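This report refers to the structure that appears directly beneath it.
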Amino acid sequence: MMQRAKIFLIVVFVVSCAREVEPTAKNINTIFASKDFTFEFNRSNGDKESLSFRNDYLVYKSDKPTYRREIHYDEVLLINNFIQKTVNLHSDTLDPAISSHYIIKNTAYKVIIVPDQEDFYFDALMKTLKLDQVK
């Protein structure tokens, strides 16, 4: 009985881990189709910020308090455009362990994007979405 419980817990753990996939349009669209995903920016200094999308709500997490609000269609288009530009700048030669990088993930999949431009204006996106004013 105890051995079955251990096997069950191992299977649950393995299944719950997001599988890393290549940054292709198909893989990213699969993540977006879940309508429950996170777009995370990891700076080379270790700081992290993320935008999570769940049930038509945007959740912004950073070193500031978490902020949640409804997301509007024009903002969805803006974010999709930003992510597409970021994907287009992906470099296979840069190392995410030492470079700023983006992660797009849901519970099943994770895509790591390392653009060949340091921050690729993530701060500008936050300002446009008025998330830089979160206190």
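Ordering of the structure tokens sets the chain letters (A, B, ...), residue numbers begin anew at 1 in every chain, and ligands are numbered from 1 in the order given.
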
Name all residues at most 10 Å from segment 37-50 of chain A (count only C-alpha atoms; drop same-chain ones fewer than 2 positions away) and give them as a VMD selection string. chain A and resid 31 to 35 52 to 54 58 to 64 66 79 83 96 to 114 118 to 119 122 126

Using C-alpha atoms, can you export the residues from the last selection as an mmCIF file, in the first residue's frame?
data_model
loop_
_atom_site.group_PDB
_atom_site.id
_atom_site.type_symbol
_atom_site.label_atom_id
_atom_site.label_comp_id
_atom_site.auth_asym_id
_atom_site.auth_seq_id
_atom_site.Cartn_x
_atom_site.Cartn_y
_atom_site.Cartn_z
ATOM 1 C CA ILE A 31 -0.126 27.877 -24.180
ATOM 2 C CA PHE A 32 -2.325 30.879 -25.060
ATOM 3 C CA ALA A 33 -5.242 28.578 -25.919
ATOM 4 C CA SER A 34 -5.395 27.477 -22.291
ATOM 5 C CA LYS A 35 -6.495 31.047 -21.381
ATOM 6 C CA SER A 52 -0.677 36.193 -15.512
ATOM 7 C CA PHE A 53 -3.914 35.881 -17.410
ATOM 8 C CA ARG A 54 -6.854 34.073 -15.854
ATOM 9 C CA LEU A 58 -4.566 40.320 -15.585
ATOM 10 C CA VAL A 59 -2.469 39.692 -12.494
ATOM 11 C CA TYR A 60 0.799 41.620 -12.195
ATOM 12 C CA LYS A 61 3.424 40.314 -9.781
ATOM 13 C CA SER A 62 6.704 42.004 -8.955
ATOM 14 C CA ASP A 63 8.597 43.214 -5.911
ATOM 15 C CA LYS A 64 5.613 45.544 -5.394
ATOM 16 C CA THR A 66 0.364 41.973 -6.495
ATOM 17 C CA ILE A 79 0.581 42.178 -25.212
ATOM 18 C CA ILE A 83 5.242 38.745 -27.203
ATOM 19 C CA PRO A 96 19.053 32.217 -19.970
ATOM 20 C CA ALA A 97 21.104 31.496 -16.833
ATOM 21 C CA ILE A 98 23.059 34.738 -17.330
ATOM 22 C CA SER A 99 20.865 36.796 -19.689
ATOM 23 C CA SER A 100 17.547 38.504 -19.210
ATOM 24 C CA HIS A 101 14.842 36.222 -20.543
ATOM 25 C CA TYR A 102 11.115 35.672 -20.815
ATOM 26 C CA ILE A 103 9.125 32.594 -19.866
ATOM 27 C CA ILE A 104 5.661 31.874 -21.222
ATOM 28 C CA LYS A 105 4.075 29.028 -19.294
ATOM 29 C CA ASN A 106 0.966 27.258 -18.174
ATOM 30 C CA THR A 107 0.644 24.084 -16.144
ATOM 31 C CA ALA A 108 1.604 21.845 -19.095
ATOM 32 C CA TYR A 109 4.165 23.786 -21.139
ATOM 33 C CA LYS A 110 6.954 26.298 -20.670
ATOM 34 C CA VAL A 111 8.749 28.303 -23.377
ATOM 35 C CA ILE A 112 11.945 30.212 -22.595
ATOM 36 C CA ILE A 113 12.745 33.147 -24.867
ATOM 37 C CA VAL A 114 16.117 34.875 -24.696
ATOM 38 C CA GLU A 118 18.652 43.019 -23.203
ATOM 39 C CA ASP A 119 15.264 44.033 -21.794
ATOM 40 C CA PHE A 122 9.462 45.365 -20.898
ATOM 41 C CA MET A 126 4.395 48.024 -18.089
#

Could you tell me, as a list in words, which residues of segment 19-125 of chain A DSSP assigns to alpha helix (DSSP H) when given the backbone? Ala25, Lys26, Asn27, Ile28, Asn29, Thr30, Ile31, Phe32, Ala33, Tyr73, Asp74, Glu75, Val76, Leu77, Leu78, Ile79, Asn80, Asn81, Phe82, Ile83, Gln84, Lys85, Thr86, Val87, Asn88, Phe122, Asp123, Ala124 and Leu125 of chain A

Mind writing the picked residues with C-alpha atoms as a JSON list (two decimals), in the first residue's frame?
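Dumped to selection39.json:
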[["chain", "number", "residue", "atom", "x", "y", "z"],
["A", 25, "ALA", "CA", 4.34, 29.91, -32.80],
["A", 26, "LYS", "CA", 2.54, 26.56, -32.47],
["A", 27, "ASN", "CA", 3.82, 25.94, -28.93],
["A", 28, "ILE", "CA", 3.10, 29.49, -27.77],
["A", 29, "ASN", "CA", -0.40, 29.39, -29.28],
["A", 30, "THR", "CA", -1.00, 26.11, -27.44],
["A", 31, "ILE", "CA", -0.13, 27.88, -24.18],
["A", 32, "PHE", "CA", -2.33, 30.88, -25.06],
["A", 33, "ALA", "CA", -5.24, 28.58, -25.92],
["A", 73, "TYR", "CA", -9.21, 43.72, -25.74],
["A", 74, "ASP", "CA", -6.84, 46.46, -26.91],
["A", 75, "GLU", "CA", -4.44, 45.46, -24.11],
["A", 76, "VAL", "CA", -4.58, 41.83, -25.22],
["A", 77, "LEU", "CA", -3.59, 42.94, -28.73],
["A", 78, "LEU", "CA", -0.76, 45.05, -27.33],
["A", 79, "ILE", "CA", 0.58, 42.18, -25.21],
["A", 80, "ASN", "CA", 0.28, 39.68, -28.08],
["A", 81, "ASN", "CA", 2.20, 42.08, -30.33],
["A", 82, "PHE", "CA", 4.90, 42.50, -27.67],
["A", 83, "ILE", "CA", 5.24, 38.74, -27.20],
["A", 84, "GLN", "CA", 5.45, 38.19, -30.98],
["A", 85, "LYS", "CA", 8.25, 40.76, -31.29],
["A", 86, "THR", "CA", 10.04, 39.14, -28.37],
["A", 87, "VAL", "CA", 9.77, 35.69, -29.98],
["A", 88, "ASN", "CA", 11.11, 37.10, -33.25],
["A", 122, "PHE", "CA", 9.46, 45.37, -20.90],
["A", 123, "ASP", "CA", 9.36, 48.55, -18.82],
["A", 124, "ALA", "CA", 7.64, 50.37, -21.71],
["A", 125, "LEU", "CA", 4.98, 47.64, -21.84]]

Nearest to Asp116 of chain A: which of A:Asp95, A:Asp36, A:Asp56, A:Glu22 is it, counting only C-alpha atoms? A:Asp95

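Proximity of A:Tyr57, A:Gln117, A:Pro65, A:Gln133 to Ser91 of chain A, computed with only C-alpha atoms, is greatest for A:Gln117.
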
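From atom CA of Leu129 of chain A back to atom CA of His72 of chain A, the distance works out to 10.1 Å.
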